[in-house]
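Enquirer: Sharing protein-v3.csv (CSV, C-alpha atoms) below.
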```csv
chain,number,residue,atom,x,y,z
A,7,MET,CA,185.2,244.5,21.6
A,8,GLU,CA,184.3,244.6,25.2
A,9,PHE,CA,181.8,241.8,24.7
A,10,TRP,CA,184.4,239.5,23.1
A,11,SER,CA,187.0,240.2,25.8
A,12,SER,CA,184.7,238.9,28.5
A,13,PHE,CA,183.0,236.2,26.4
A,14,ASN,CA,183.3,232.7,27.8
A,15,PRO,CA,183.0,230.1,25.0
A,16,LEU,CA,182.4,227.3,27.5
A,17,PHE,CA,179.0,228.8,28.3
A,18,SER,CA,178.2,228.7,24.6
A,19,VAL,CA,179.4,225.1,24.2
A,20,SER,CA,177.3,224.1,27.3
A,21,GLY,CA,174.3,226.1,25.8
A,22,PHE,CA,174.7,224.1,22.6
A,23,PHE,CA,174.5,220.8,24.3
A,24,VAL,CA,171.6,221.9,26.5
A,25,GLY,CA,169.8,223.2,23.4
A,26,LEU,CA,170.5,219.9,21.7
A,27,LEU,CA,168.9,218.0,24.5
A,28,VAL,CA,165.9,220.3,24.6
A,29,GLY,CA,165.4,219.9,20.9
A,30,VAL,CA,165.7,216.1,21.2
A,31,THR,CA,163.6,215.5,24.3
A,32,GLY,CA,161.4,218.6,24.6
A,33,VAL,CA,162.3,218.9,28.3
A,34,GLY,CA,162.6,222.5,29.4
A,35,GLY,CA,166.1,224.0,29.5
A,36,GLY,CA,165.8,224.9,33.1
A,37,SER,CA,165.9,221.2,34.1
A,38,LEU,CA,169.3,221.0,32.4
A,39,MET,CA,170.8,224.5,32.4
A,40,THR,CA,170.4,225.6,36.0
A,41,PRO,CA,172.0,222.5,37.6
A,42,LEU,CA,174.8,222.7,34.9
A,43,LEU,CA,175.6,226.2,35.9
A,44,VAL,CA,175.6,225.4,39.6
A,45,LEU,CA,177.5,222.1,39.5
A,46,LEU,CA,179.9,222.5,36.6
A,47,PHE,CA,180.6,226.2,36.6
A,48,GLY,CA,180.1,227.0,40.3
A,49,ILE,CA,177.6,229.8,39.6
A,50,HIS,CA,175.8,231.0,42.6
A,51,PRO,CA,172.3,229.2,42.6
A,52,VAL,CA,170.4,232.5,42.8
A,53,THR,CA,172.3,234.0,39.9
A,54,ALA,CA,171.9,230.7,37.9
A,55,VAL,CA,168.2,230.7,38.5
A,56,GLY,CA,167.7,234.4,37.6
A,57,THR,CA,169.8,234.1,34.4
A,58,ASP,CA,168.1,230.9,33.4
A,59,LEU,CA,164.7,232.4,33.7
A,60,LEU,CA,165.4,235.1,31.2
A,61,TYR,CA,167.1,232.4,29.0
A,62,ALA,CA,163.8,230.4,29.2
A,63,ALA,CA,161.7,233.5,28.4
A,64,ILE,CA,163.7,234.1,25.2
A,65,THR,CA,163.8,230.5,24.0
A,66,LYS,CA,160.1,229.8,24.8
A,67,THR,CA,159.1,232.9,22.9
A,68,VAL,CA,160.1,231.0,19.8
A,69,GLY,CA,157.9,228.1,20.8
A,70,THR,CA,155.1,230.5,21.4
A,71,ALA,CA,155.3,231.8,17.8
A,72,VAL,CA,155.2,228.2,16.5
A,73,HIS,CA,152.2,227.2,18.5
A,74,GLY,CA,150.4,230.4,17.7
A,75,LYS,CA,150.9,229.8,14.0
A,76,ASN,CA,149.6,226.2,14.5
A,77,LYS,CA,146.6,227.5,16.6
A,78,THR,CA,147.5,225.1,19.4
A,79,ILE,CA,147.0,227.6,22.3
A,80,ASP,CA,144.1,227.7,24.7
A,81,TRP,CA,144.2,231.2,25.9
A,82,LYS,CA,141.7,230.6,28.7
A,83,ILE,CA,144.1,228.1,30.3
A,84,VAL,CA,147.0,230.5,29.8
A,85,ARG,CA,145.0,233.2,31.6
A,86,LEU,CA,143.9,231.0,34.5
A,87,LEU,CA,147.5,229.7,35.0
A,88,SER,CA,148.8,233.3,35.0
A,89,PHE,CA,146.2,234.4,37.6
A,90,GLY,CA,148.0,232.1,40.0
A,91,SER,CA,151.6,232.1,38.8
A,92,LEU,CA,152.3,235.8,38.4
A,93,PRO,CA,151.2,236.8,42.0
A,94,ALA,CA,153.2,233.8,43.3
A,95,THR,CA,156.2,235.0,41.3
A,96,ALA,CA,155.9,238.5,42.8
A,97,ILE,CA,155.6,237.2,46.3
A,98,THR,CA,158.5,234.8,45.9
A,99,LEU,CA,160.7,237.6,44.5
A,100,TRP,CA,159.6,239.9,47.3
A,101,ILE,CA,160.7,237.3,49.9
A,102,LEU,CA,164.0,236.8,48.1
A,103,SER,CA,164.7,240.5,47.9
A,104,GLY,CA,164.5,240.7,51.7
A,105,VAL,CA,166.9,237.9,52.6
A,106,ASP,CA,170.6,237.5,52.4
A,107,ARG,CA,170.8,235.5,49.2
A,108,ARG,CA,174.5,234.7,49.9
A,109,SER,CA,173.7,233.1,53.2
A,110,ILE,CA,174.2,229.4,53.7
A,111,GLY,CA,170.5,229.0,54.5
A,112,ALA,CA,169.3,230.7,51.3
A,113,VAL,CA,171.8,228.8,49.1
A,114,GLN,CA,170.8,225.5,50.6
A,115,THR,CA,167.1,226.1,50.3
A,116,ILE,CA,167.3,226.9,46.6
A,117,THR,CA,169.8,224.1,45.9
A,118,VAL,CA,167.8,221.4,47.7
A,119,SER,CA,164.5,222.7,46.2
A,120,LEU,CA,166.1,222.4,42.7
A,121,GLY,CA,167.3,218.9,43.5
A,122,TYR,CA,163.8,217.7,44.5
A,123,VAL,CA,162.1,219.3,41.5
A,124,LEU,CA,164.6,217.6,39.2
A,125,ILE,CA,163.8,214.2,40.8
A,126,VAL,CA,160.0,214.9,40.4
A,127,THR,CA,160.7,215.8,36.7
A,128,ALA,CA,162.6,212.6,36.2
A,129,LEU,CA,159.7,210.5,37.7
A,130,LEU,CA,157.2,212.3,35.5
A,131,LEU,CA,159.3,211.6,32.4
A,132,LEU,CA,159.2,207.9,33.2
A,133,PHE,CA,155.6,207.5,34.5
A,134,ARG,CA,153.6,210.4,33.1
A,135,GLY,CA,151.2,208.2,31.2
A,136,LYS,CA,150.4,206.1,34.3
A,137,ILE,CA,150.1,209.1,36.5
A,138,VAL,CA,147.8,210.9,34.1
A,139,ALA,CA,145.6,207.8,33.7
A,140,TRP,CA,145.4,207.3,37.4
A,141,ALA,CA,144.5,211.0,38.0
A,142,ARG,CA,141.8,210.9,35.3
A,143,TYR,CA,140.3,207.8,36.8
A,144,ARG,CA,140.2,209.4,40.3
A,145,LEU,CA,138.7,212.6,39.0
A,146,ARG,CA,136.1,211.3,36.6
A,147,ASP,CA,133.3,211.2,39.1
A,148,ARG,CA,134.4,214.1,41.2
A,149,LYS,CA,132.9,217.6,41.3
A,150,LEU,CA,136.2,218.9,39.8
A,151,VAL,CA,134.7,218.7,36.4
A,152,ASP,CA,132.5,221.6,37.3
A,153,PRO,CA,133.8,224.6,35.3
A,154,ARG,CA,134.3,226.8,38.4
A,155,ASN,CA,136.2,224.0,40.3
A,156,LEU,CA,138.2,223.3,37.2
A,157,ALA,CA,139.1,227.0,36.9
A,158,PHE,CA,140.1,227.1,40.6
A,159,ALA,CA,142.3,224.0,40.2
A,160,THR,CA,144.0,225.6,37.2
A,161,ILE,CA,144.7,228.8,39.1
A,162,ALA,CA,146.0,226.7,42.0
A,163,LEU,CA,148.4,224.9,39.6
A,164,GLY,CA,149.6,228.3,38.4
A,165,LEU,CA,150.2,229.3,42.0
A,166,ILE,CA,152.4,226.2,42.5
A,167,LEU,CA,154.2,226.6,39.2
A,168,GLY,CA,154.9,230.3,39.9
A,169,THR,CA,156.5,229.5,43.2
A,170,LEU,CA,158.6,226.5,42.0
A,171,VAL,CA,159.7,228.2,38.8
A,172,THR,CA,160.7,231.4,40.5
A,173,MET,CA,162.7,229.5,43.1
A,174,THR,CA,164.3,226.9,40.8
A,175,SER,CA,163.6,227.9,37.2
A,176,VAL,CA,162.3,224.3,36.8
A,177,GLY,CA,158.8,222.8,36.8
A,178,ALA,CA,156.7,224.7,34.3
A,179,GLY,CA,157.0,222.0,31.6
A,180,ALA,CA,157.0,218.6,33.3
A,181,ILE,CA,154.7,219.3,36.2
A,182,GLY,CA,152.5,221.8,34.3
A,183,VAL,CA,151.8,219.5,31.4
A,184,THR,CA,151.2,216.4,33.5
A,185,VAL,CA,148.6,218.1,35.7
A,186,LEU,CA,146.9,219.8,32.7
A,187,LEU,CA,146.6,216.5,30.9
A,188,ALA,CA,144.8,215.1,34.0
A,189,LEU,CA,142.5,218.2,34.3
A,190,TYR,CA,141.6,218.5,30.6
A,191,PRO,CA,141.3,215.0,29.2
A,192,ALA,CA,139.4,216.1,26.2
A,193,MET,CA,142.1,218.5,25.0
A,194,SER,CA,144.8,217.4,22.6
A,195,ILE,CA,148.3,217.1,24.0
A,196,ARG,CA,149.5,219.6,21.4
A,197,SER,CA,147.2,222.3,22.8
A,198,ILE,CA,148.2,221.3,26.4
A,199,VAL,CA,151.9,221.7,25.5
A,200,GLY,CA,151.3,224.9,23.5
A,201,SER,CA,149.3,226.5,26.3
A,202,ASP,CA,151.9,225.5,28.9
A,203,ILE,CA,154.7,227.0,26.8
A,204,VAL,CA,152.9,230.2,26.2
A,205,HIS,CA,152.1,230.5,29.9
A,206,ALA,CA,155.8,230.0,30.7
A,207,VAL,CA,156.8,233.1,28.7
A,208,PRO,CA,155.3,235.7,31.0
A,209,LEU,CA,156.1,233.6,34.1
A,210,THR,CA,159.8,233.3,33.3
A,211,LEU,CA,160.0,236.8,31.9
A,212,ALA,CA,158.5,238.3,35.1
A,213,GLY,CA,160.8,236.1,37.2
A,214,GLY,CA,163.9,236.9,35.2
A,215,LEU,CA,163.2,240.7,35.3
A,216,GLY,CA,162.6,240.4,39.0
A,217,TYR,CA,165.9,238.7,39.6
A,218,TRP,CA,167.5,241.5,37.4
A,219,LEU,CA,166.0,244.2,39.6
A,220,ILE,CA,167.6,242.6,42.7
A,221,GLY,CA,170.9,242.2,40.9
A,222,GLU,CA,170.9,238.4,40.2
A,223,VAL,CA,171.3,238.2,36.4
A,224,ASP,CA,174.5,237.7,34.6
A,225,TRP,CA,173.9,239.3,31.1
A,226,MET,CA,177.2,238.2,29.6
A,227,MET,CA,176.5,234.6,30.6
A,228,LEU,CA,173.0,234.8,29.2
A,229,ALA,CA,174.3,236.1,25.9
A,230,SER,CA,176.9,233.3,25.8
A,231,LEU,CA,174.3,230.6,26.5
A,232,LEU,CA,172.0,231.9,23.8
A,233,ILE,CA,174.7,231.9,21.2
A,234,GLY,CA,175.2,228.2,21.7
A,235,SER,CA,171.7,227.0,22.6
A,236,VAL,CA,169.8,228.4,19.6
A,237,PRO,CA,171.7,226.3,17.0
A,238,GLY,CA,171.6,223.4,19.5
A,239,ILE,CA,167.8,223.5,19.6
A,240,ILE,CA,167.6,223.6,15.8
A,241,VAL,CA,169.9,220.6,15.4
A,242,GLY,CA,168.2,218.7,18.2
A,243,SER,CA,164.7,219.3,16.8
A,244,HIS,CA,166.0,217.9,13.5
A,245,PHE,CA,167.3,214.7,14.9
A,246,GLY,CA,164.9,214.2,17.8
A,247,PRO,CA,162.1,212.5,15.8
A,248,ARG,CA,164.6,209.9,14.6
A,249,LEU,CA,165.6,208.7,18.0
A,250,PRO,CA,163.7,206.2,20.2
A,251,ASP,CA,161.6,208.2,22.7
A,252,ARG,CA,161.6,205.6,25.4
A,253,ILE,CA,165.4,205.2,25.5
A,254,VAL,CA,166.0,209.0,25.4
A,255,GLY,CA,163.5,209.5,28.2
A,256,ILE,CA,165.0,206.8,30.4
A,257,VAL,CA,168.6,208.2,29.9
A,258,LEU,CA,167.4,211.8,30.6
A,259,ALA,CA,165.4,210.7,33.7
A,260,ILE,CA,168.4,208.8,35.1
A,261,THR,CA,170.6,211.9,34.5
A,262,LEU,CA,168.1,214.3,36.1
A,263,THR,CA,167.8,211.9,39.1
A,264,LEU,CA,171.6,211.7,39.6
A,265,VAL,CA,171.9,215.5,39.4
A,266,GLY,CA,169.0,216.0,41.7
A,267,VAL,CA,170.5,213.7,44.3
A,268,LYS,CA,173.9,215.5,43.9
A,269,LEU,CA,172.2,218.8,44.6
A,270,ILE,CA,170.3,217.6,47.6
A,271,THR,CA,173.4,215.9,49.2
A,272,ALA,CA,175.9,218.6,48.3
```
I'd like the structure from this file rewritten - as structure tokens, please.
Expert:
Amino acid sequence: MEFWSSFNPLFSVSGFFVGLLVGVTGVGGGSLMTPLLVLLFGIHPVTAVGTDLLYAAITKTVGTAVHGKNKTIDWKIVRLLSFGSLPATAITLWILSGVDRRSIGAVQTITVSLGYVLIVTALLLLFRGKIVAWARYRLRDRKLVDPRNLAFATIALGLILGTLVTMTSVGAGAIGVTVLLALYPAMSIRSIVGSDIVHAVPLTLAGGLGYWLIGEVDWMMLASLLIGSVPGIIVGSHFGPRLPDRIVGIVLAITLTLVGVKLITA
């Protein structure tokens, strides 16, 4: 009874539409959910990020099960990414725990960072193919193809993702997949995406639990979002293959850019 008395159906409605877009486009929920919570509902950016990280950990666990069943996971890549991302997450959380998260400076840093990452995500949605082709061309004669250098580059990617995702809850999908496609040209895109999703589970779970420990997770909001988003993802996944990818990508990229600009200039 206590749950329903404090239940906000608007969070569930928003969760449904975010889940719908995630199912249609495949873009991570953080790119949509966190700015929605900040701009539409006025949720404090730190609380929005912390809650969204746990939201992502739960929803991506479902994706992990699917990719595990389809055997589209490269566990070596997952381990290398985690070697970089988990320490980065711990350090970022340690820094956040020692600052006044309600100060203007902290709020502005997280909000502006979120805005820029959203714009980068939008650009990757539009130009991923060209960016990956250019990167592969630039790397084809480099020493990066040496297994040790490749492993180091993957760990460095994990370090960047750990910092970005812990600060903004965004970046694991768009940035991670794009760089991995450039680093591992012989690997299928399904395995790249599967490995990236699996890596995002411990990353977002560690980040979300860290935010919980410093008191920045709204459990009621999380439950409300999940109630709406799970059916939204199911419906979106059903209709997604029937929609023109290019048009959906352009509309989403424009939306993310506008939201990113709004966050930066707010």
Enquirer: Suppose you want the space between CA of Trp100 in chain A and CA of Leu156 in chain A; what is it in Å?
Expert: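 About the pair CA of Trp100 in chain A and CA of Leu156 in chain A: they are 28.9 Å apart.
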Enquirer: From the list A:Asn76, A:Thr184, A:Thr169, A:Ser197, which residue is nearest Gly90 in chain A when using only C-alpha atoms?
Expert: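 The answer is A:Thr169, which sits nearest to Gly90 in chain A.
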Enquirer: For a quick check of understanding, using all atoms listed in the file, which of A:Ile220, A:Leu262, A:Leu102, A:Ile233 has the smallest distance to Ser18 in chain A?
Expert: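 Checking each candidate against Ser18 in chain A, we get A:Ile233 as the closest.
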Enquirer: Name the residues in contact with Ser235 in chain A at a cut-off of 12 Å, using all atoms listed in the file, excluding same-chain residues fewer than 6 positions from it; report them as a PyMOL selection string.
Expert: chain A and resi 15-29+35+38-39+61-62+64-65+228-229+241-243
Enquirer: For Val199 in chain A, which residue among A:Thr271, A:Thr78, A:Ser230, A:Ser109 is the nearest when counting all atoms listed in the file?
Expert: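 Ranked by minimum distance to Val199 in chain A, first place goes to A:Thr78.
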Enquirer: For Gly182 in chain A, which of A:Ser103, A:Thr40, A:Thr115, A:Ser91 is the closest residue, counting all atoms listed in the file?
Expert: A:Ser91
Enquirer: Measuring atom to atom with all atoms listed in the file, identify which of A:Thr174, A:Leu42, A:Ile203, A:Tyr190 is nearest to Val113 in chain A.
Expert: A:Thr174
Enquirer: Between A:Pro93, A:Gly56, A:Pro153, A:Gly179, which is the closest to Met227 in chain A once you count only C-alpha atoms?
Expert: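 Ranking A:Pro93, A:Gly56, A:Pro153, A:Gly179 by distance to Met227 in chain A, first place goes to A:Gly56.
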Enquirer: What separation in Å, quoted to one decimal, exists between CA of Thr53 in chain A and CA of Val223 in chain A?
Expert: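 Pair CA of Thr53 in chain A / CA of Val223 in chain A returns 5.6 Å.
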Enquirer: So how many Å separate CA of Leu87 in chain A and CA of Leu232 in chain A, to one decimal?
Expert: 27.0 Å
